[in-house]
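Okay, so here's the structure we're looking at.
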Amino acid sequence: MLACSNDDSSSSETEAADLVIDINNPIHEIQPTMYGIFFEDINFAADGGLYAELVKNRSFEFDAPWMGWKHLPETETRFNTVNELTIVRDANNPQNPRFVRVDKGDETPEFGLENEGFDGMGIKNGEKYDFSFVARQNKENITVKATLIDTTGNIIGSASTAVNGNDWKAYEVVITPTATFGAAKLQVTFEGVGQIDIDQISLFPQDTWKGRKKGLRKDMVQLLADLNPGFIRFPGGCIVEGRTLDQRYQWKKTVGPVDQRETLINRWNTEFAHRPAPDYFQSFGLGFFEYFQLSEDLGAEPLPILSCGLACQFNTSETVPMDQLDPYIDDALDLIEFANGSVNTKWGKIRASMGHPEPFNLKYIGVGNEQWGQEYFERYEAFAKAIYTKYPDMNIVSGTGPFSDGEMFEKAIKELERIKPELVDEHYYRTPDWFKENATRYDNYDRERFKIFAGEYAAQSVQTASPENRNTLECAISEAAFMTGLERNADVVYMTSYAPLFAHVNRWQWTPDLIWFDNLTAYGTANYYVQKMYGTNPGTHTLSIKREGENVTGKDGLYATAAIDKNSNELIIKVVNTLGSKREVSLSLNGLSKAVEGTMTSLHGDDAGVFNTIEEPSKITPSESNVIAENGKLNLQMPSNSFQVVRLKL
């Protein structure tokens, strides 16, 4: 694909653009929450992704109980009256009612089950994997054997343990594979003669994030940590609402013992005809406690979003009546108690029982996602009144609907001007040109109005929701240009996050996405590196940076913002060249007379249509070099389609 360029690319490549920075006069404080992360369980981002469990449907609670499993041997096992596998439903355990009864009438060694994992299982040579299950022995003795196989049936690891005792109890053995394989399968076979009940069949790598048992996938969390996020919004956007109210995300069902967390169909299960995912469910092994813990690990503010009693309006618009809204409001109040309450409170005690007696210090909470109309705003007001009455210092985030302009957006803004929330969540899924043209979106914003949370944005290379969208360099550079306007208006814009965050290369529903992964590896897109360059270079206060007395907002394809970091006493300059030709930029650093050294990080490419892939994850990555500013001057040679960040020690 040829490098694209704007209409004004005919300007001379040698003509320098003169930018002037006033170092000694900070303007706006930049919030520590300025650059953050939006997490949603779409594209198999949780089960089969960040949550490191390798077994699909481990407790047989999918709508089709055997989904993900295959009987062994494959020939008519279910009709065998000597050796039988039966799904049993226990009404006394409503959160996790199903288990498998294994009747073994002879010594057939290959009798059992095979789990396909999530597009297979990523297994690494020499690493240790915990195979576990819960079981009880009903009669005689059976040994459970776990075997990892590759696609040709070769064994790459195995371990066994005998079941004994009539009470349910947990069993665990360690498997150490002898090969690396990205699409392995797990066979669970039963040896001996007798009967057992078995459930919660699980396989986890021991090498998880921070070594937590049955925790998160380390390489994926590391990519998040490298972004230096100021906040994490969870558990998502539309997934909060649900296609129906019964399918909404209910946080109380995602805390406490993992085996008591009720499985739920994922709302992206059949949302898109181009990418149906009938096996997409939520086990909630990654639940609200784990989200709070992850936020704490990354030094990021947690920002949970809750249902407002209104299901997705693109689907059913199912609505709870206002006189029946109290349980939904109670969920919000109880969540704050779960996060911040003492161990003597009901929900604080549950948090402590999970290993975290100290509060999570929750400061932000969101009510609803992309809802619109009077139905939403009257519910928001009811939530806000109850939350402020009990927790007056809480910061509440409201929505503006699904669009960033148009009649629906304008009506929402009028309602919000009346309601006066602290933070308003705006979403932008638009073309690269839109992002470049809207770098001035908040330059003339009313400073007396609510603050902005740019909660979801991503440039669409084709069109919104198109399966043909790609994470091209052009999209990333246009987002970098737009973000100069977000940072320049840091007195108005308090939080920003790209969306969606994760996508499995073989199991995605939506593109583009910030980070892509398969069962063994993960990589950042060009958009990821733009976010990283902003997130690791935020500064504490904005500075004036002008070109011919005006903000640098797109003339000749140039965009820029500047900040000072008072903590490290550094000047941070961000410059974007959206043209398909190189540019020279001359920086005058008013207030700096001595020679100072610094570093420059540069993301660029001649082909604006290029993008990273799982096979070539480093096509577009930043490079670093040293720079020197002398006599208050610094010259930048900006390649085509480039974003550069300069840090100078003052």
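Naming works like this for the structure tokens: A, B, ... for the chains as they're shown, residue 1 at the start of each chain, ligands 1 onward in shown order.
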
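Near A:Ile350, within 8 Å and counting only C-alpha atoms, sit Gly256, Phe338 and Val343 of chain A; same-chain residues fewer than 6 positions away were not included.
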
Distance query A:Glu624 at most 7 Å, only C-alpha atoms, self and fewer than 2 positions along chain excluded, as a PyMOL selection string:
chain A and resi 599-602+622

What's the separation between atom CA of A:Lys124 and atom CA of A:Gln222, in Å to one decimal place?
18.1 Å

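If you measure from each of A:Val240, A:Val530, A:Ile201, A:Val493 to A:Ala458 using only C-alpha atoms, the closest one turns out to be A:Val530.
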
Run DSSP on the backbone and grab whatever in stretch 454-627 of chain A lands in helix (DSSP H, G or I); send it over as an MDAnalysis selection string.
chainID A and resid 473:488 526:535 555:557

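With only C-alpha atoms as the basis for measurement, A:Ala52 is the residue among A:Ile452, A:Ala52, A:Met394, A:Ala352 that approaches A:Leu286 most closely.
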
Residues near A:Asp226, cut-off 10 Å, only C-alpha atoms, skip fewer than 2 positions along chain, as a PDB file with N, CA and C atoms, in the first residue's frame:
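File produced: out-v5.pdb:
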```pdb
ATOM      1  N   VAL A 221      -0.416  -8.764  30.856  1.00  0.00           N
ATOM      2  CA  VAL A 221      -0.425  -7.725  31.895  1.00  0.00           C
ATOM      3  C   VAL A 221       0.801  -6.834  31.770  1.00  0.00           C
ATOM      4  N   GLN A 222       1.932  -7.414  31.394  1.00  0.00           N
ATOM      5  CA  GLN A 222       3.143  -6.601  31.252  1.00  0.00           C
ATOM      6  C   GLN A 222       2.965  -5.526  30.193  1.00  0.00           C
ATOM      7  N   LEU A 223       2.275  -5.857  29.103  1.00  0.00           N
ATOM      8  CA  LEU A 223       1.998  -4.844  28.086  1.00  0.00           C
ATOM      9  C   LEU A 223       1.153  -3.711  28.663  1.00  0.00           C
ATOM     10  N   LEU A 224       0.243  -4.038  29.571  1.00  0.00           N
ATOM     11  CA  LEU A 224      -0.552  -3.001  30.231  1.00  0.00           C
ATOM     12  C   LEU A 224       0.321  -2.172  31.173  1.00  0.00           C
ATOM     13  N   ASN A 228       1.934   2.476  31.608  1.00  0.00           N
ATOM     14  CA  ASN A 228       1.900   3.398  32.754  1.00  0.00           C
ATOM     15  C   ASN A 228       0.511   4.032  32.895  1.00  0.00           C
ATOM     16  N   PRO A 229      -0.529   3.202  33.015  1.00  0.00           N
ATOM     17  CA  PRO A 229      -1.888   3.745  33.002  1.00  0.00           C
ATOM     18  C   PRO A 229      -2.240   4.498  34.279  1.00  0.00           C
ATOM     19  N   LEU A 298      -0.936  -2.013  39.015  1.00  0.00           N
ATOM     20  CA  LEU A 298      -0.418  -1.106  37.990  1.00  0.00           C
ATOM     21  C   LEU A 298      -0.362   0.340  38.470  1.00  0.00           C
ATOM     22  N   TYR A 529       1.651   1.845  20.662  1.00  0.00           N
ATOM     23  CA  TYR A 529       2.863   2.618  20.926  1.00  0.00           C
ATOM     24  C   TYR A 529       2.562   4.109  21.050  1.00  0.00           C
ATOM     25  N   LYS A 532       1.393   4.368  24.548  1.00  0.00           N
ATOM     26  CA  LYS A 532       2.529   4.211  25.459  1.00  0.00           C
ATOM     27  C   LYS A 532       3.378   5.478  25.499  1.00  0.00           C
ATOM     28  N   MET A 533       3.577   6.090  24.355  1.00  0.00           N
ATOM     29  CA  MET A 533       4.399   7.302  24.311  1.00  0.00           C
ATOM     30  C   MET A 533       3.735   8.447  25.062  1.00  0.00           C
ATOM     31  N   GLY A 535       1.384   7.845  27.594  1.00  0.00           N
ATOM     32  CA  GLY A 535       1.231   7.410  28.973  1.00  0.00           C
ATOM     33  C   GLY A 535       2.513   7.445  29.772  1.00  0.00           C
ATOM     34  N   THR A 536       3.650   7.244  29.128  1.00  0.00           N
ATOM     35  CA  THR A 536       4.930   7.271  29.837  1.00  0.00           C
ATOM     36  C   THR A 536       5.584   8.654  29.796  1.00  0.00           C
TER      37      THR A 536
END
```

Under the rule that only C-alpha atoms are counted, which of A:Asp297, A:Asp405, A:Asp103, A:Glu410 is the nearest residue to A:Gly373?
A:Glu410

Work out how far apart atom CA of A:Leu186 and atom CA of A:Asn115 are and give it in Å to one decimal.
5.2 Å

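Between atom CA of A:His28 and atom CA of A:Gln637 lies a distance of 28.4 Å.
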
Which polymer residues have any atom within 8 Å of an atom of stretch 154-163 of chain A, counting only C-alpha atoms, with same-chain residues fewer than 2 positions away left out, as a list of chain:residue names?
A:Ala135, A:Arg136, A:Gln137, A:Asn141, A:Ile142, A:Thr143, A:Val144, A:Lys145, A:Ala146, A:Thr147, A:Leu148, A:Ile149, A:Asp150, A:Thr151, A:Thr152, A:Gly165, A:Tyr171, A:Glu172, A:Val173, A:Val174, A:Ile175, A:Thr176, A:Pro177, A:Thr178, A:Ala179, A:Ile196

Same residues, C-alpha atoms, output as a compact mmCIF listing (two decimals), in the first residue's frame:
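Wrote it out as part.txt, contents follow:
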```txt
# COMPACT_ATOMS: atom_id res chain seq x y z
CA ALA A 135 -14.12 -34.74 43.01
CA ARG A 136 -15.62 -37.30 45.32
CA GLN A 137 -15.45 -41.07 45.25
CA ASN A 141 -11.18 -46.46 43.19
CA ILE A 142 -10.51 -44.36 40.08
CA THR A 143 -7.33 -42.55 39.08
CA VAL A 144 -7.61 -39.34 37.07
CA LYS A 145 -4.91 -38.88 34.44
CA ALA A 146 -4.28 -35.57 32.67
CA THR A 147 -2.44 -35.69 29.34
CA LEU A 148 -1.43 -32.82 27.06
CA ILE A 149 -1.31 -33.71 23.37
CA ASP A 150 -0.43 -31.86 20.18
CA THR A 151 -2.62 -31.87 17.06
CA THR A 152 -1.17 -35.17 15.87
CA GLY A 165 -13.04 -40.18 50.04
CA TYR A 171 -6.97 -32.36 43.81
CA GLU A 172 -3.95 -30.93 42.03
CA VAL A 173 -0.91 -32.23 40.19
CA VAL A 174 1.80 -30.51 38.15
CA ILE A 175 2.44 -31.17 34.47
CA THR A 176 5.78 -30.15 32.93
CA PRO A 177 5.49 -30.23 29.11
CA THR A 178 8.37 -31.43 26.96
CA ALA A 179 7.51 -29.21 23.97
CA ILE A 196 -16.63 -40.66 40.93
```

Determine, counting only C-alpha atoms, which protein, DNA and RNA residues have an atom within 6 Å of an atom of stretch 301-316 of chain A; residues of the same chain fewer than 6 positions away are not included. Present the result as a PyMOL selection string.
chain A and resi 231-234+240-245+295+364-368

Let's have the selection written as a PDB file, in the first residue's frame, with N, CA and C atoms.
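So again_2.pdb came out as:
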```pdb
ATOM      1  N   PHE A 231      -5.475   4.977  35.070  1.00  0.00           N
ATOM      2  CA  PHE A 231      -6.705   4.352  35.555  1.00  0.00           C
ATOM      3  C   PHE A 231      -6.986   3.110  34.720  1.00  0.00           C
ATOM      4  N   ILE A 232      -7.861   2.253  35.235  1.00  0.00           N
ATOM      5  CA  ILE A 232      -8.405   1.130  34.476  1.00  0.00           C
ATOM      6  C   ILE A 232      -9.920   1.186  34.592  1.00  0.00           C
ATOM      7  N   ARG A 233     -10.564   1.341  33.447  1.00  0.00           N
ATOM      8  CA  ARG A 233     -12.024   1.264  33.399  1.00  0.00           C
ATOM      9  C   ARG A 233     -12.416  -0.180  33.146  1.00  0.00           C
ATOM     10  N   PHE A 234     -13.341  -0.702  33.930  1.00  0.00           N
ATOM     11  CA  PHE A 234     -13.786  -2.087  33.814  1.00  0.00           C
ATOM     12  C   PHE A 234     -15.241  -2.186  34.269  1.00  0.00           C
ATOM     13  N   VAL A 240     -21.495  -4.179  30.105  1.00  0.00           N
ATOM     14  CA  VAL A 240     -22.117  -3.772  31.361  1.00  0.00           C
ATOM     15  C   VAL A 240     -23.641  -3.836  31.230  1.00  0.00           C
ATOM     16  N   GLU A 241     -24.136  -3.389  30.078  1.00  0.00           N
ATOM     17  CA  GLU A 241     -25.578  -3.269  29.869  1.00  0.00           C
ATOM     18  C   GLU A 241     -26.250  -4.620  29.686  1.00  0.00           C
ATOM     19  N   GLY A 242     -25.613  -5.507  28.904  1.00  0.00           N
ATOM     20  CA  GLY A 242     -26.223  -6.774  28.541  1.00  0.00           C
ATOM     21  C   GLY A 242     -27.251  -6.602  27.436  1.00  0.00           C
ATOM     22  N   ARG A 243     -27.451  -7.657  26.675  1.00  0.00           N
ATOM     23  CA  ARG A 243     -28.505  -7.628  25.653  1.00  0.00           C
ATOM     24  C   ARG A 243     -29.876  -7.550  26.323  1.00  0.00           C
ATOM     25  N   THR A 244     -30.009  -8.173  27.482  1.00  0.00           N
ATOM     26  CA  THR A 244     -31.184  -8.063  28.335  1.00  0.00           C
ATOM     27  C   THR A 244     -30.697  -7.764  29.748  1.00  0.00           C
ATOM     28  N   LEU A 245     -31.608  -7.402  30.634  1.00  0.00           N
ATOM     29  CA  LEU A 245     -31.202  -7.105  32.013  1.00  0.00           C
ATOM     30  C   LEU A 245     -30.678  -8.360  32.713  1.00  0.00           C
ATOM     31  N   SER A 295      -5.704  -3.081  39.088  1.00  0.00           N
ATOM     32  CA  SER A 295      -5.535  -1.621  39.154  1.00  0.00           C
ATOM     33  C   SER A 295      -4.476  -1.258  40.188  1.00  0.00           C
ATOM     34  N   TYR A 364     -13.738   6.726  41.832  1.00  0.00           N
ATOM     35  CA  TYR A 364     -14.562   6.954  40.640  1.00  0.00           C
ATOM     36  C   TYR A 364     -15.529   5.796  40.448  1.00  0.00           C
ATOM     37  N   ILE A 365     -16.712   6.111  39.952  1.00  0.00           N
ATOM     38  CA  ILE A 365     -17.674   5.082  39.601  1.00  0.00           C
ATOM     39  C   ILE A 365     -18.511   5.591  38.436  1.00  0.00           C
ATOM     40  N   GLY A 366     -18.800   4.713  37.483  1.00  0.00           N
ATOM     41  CA  GLY A 366     -19.584   5.094  36.318  1.00  0.00           C
ATOM     42  C   GLY A 366     -20.980   4.501  36.372  1.00  0.00           C
ATOM     43  N   VAL A 367     -21.962   5.267  35.929  1.00  0.00           N
ATOM     44  CA  VAL A 367     -23.356   4.825  35.908  1.00  0.00           C
ATOM     45  C   VAL A 367     -23.784   4.692  34.453  1.00  0.00           C
ATOM     46  N   GLY A 368     -23.975   3.467  33.995  1.00  0.00           N
ATOM     47  CA  GLY A 368     -24.372   3.238  32.612  1.00  0.00           C
ATOM     48  C   GLY A 368     -23.224   3.417  31.643  1.00  0.00           C
TER      49      GLY A 368
END
```
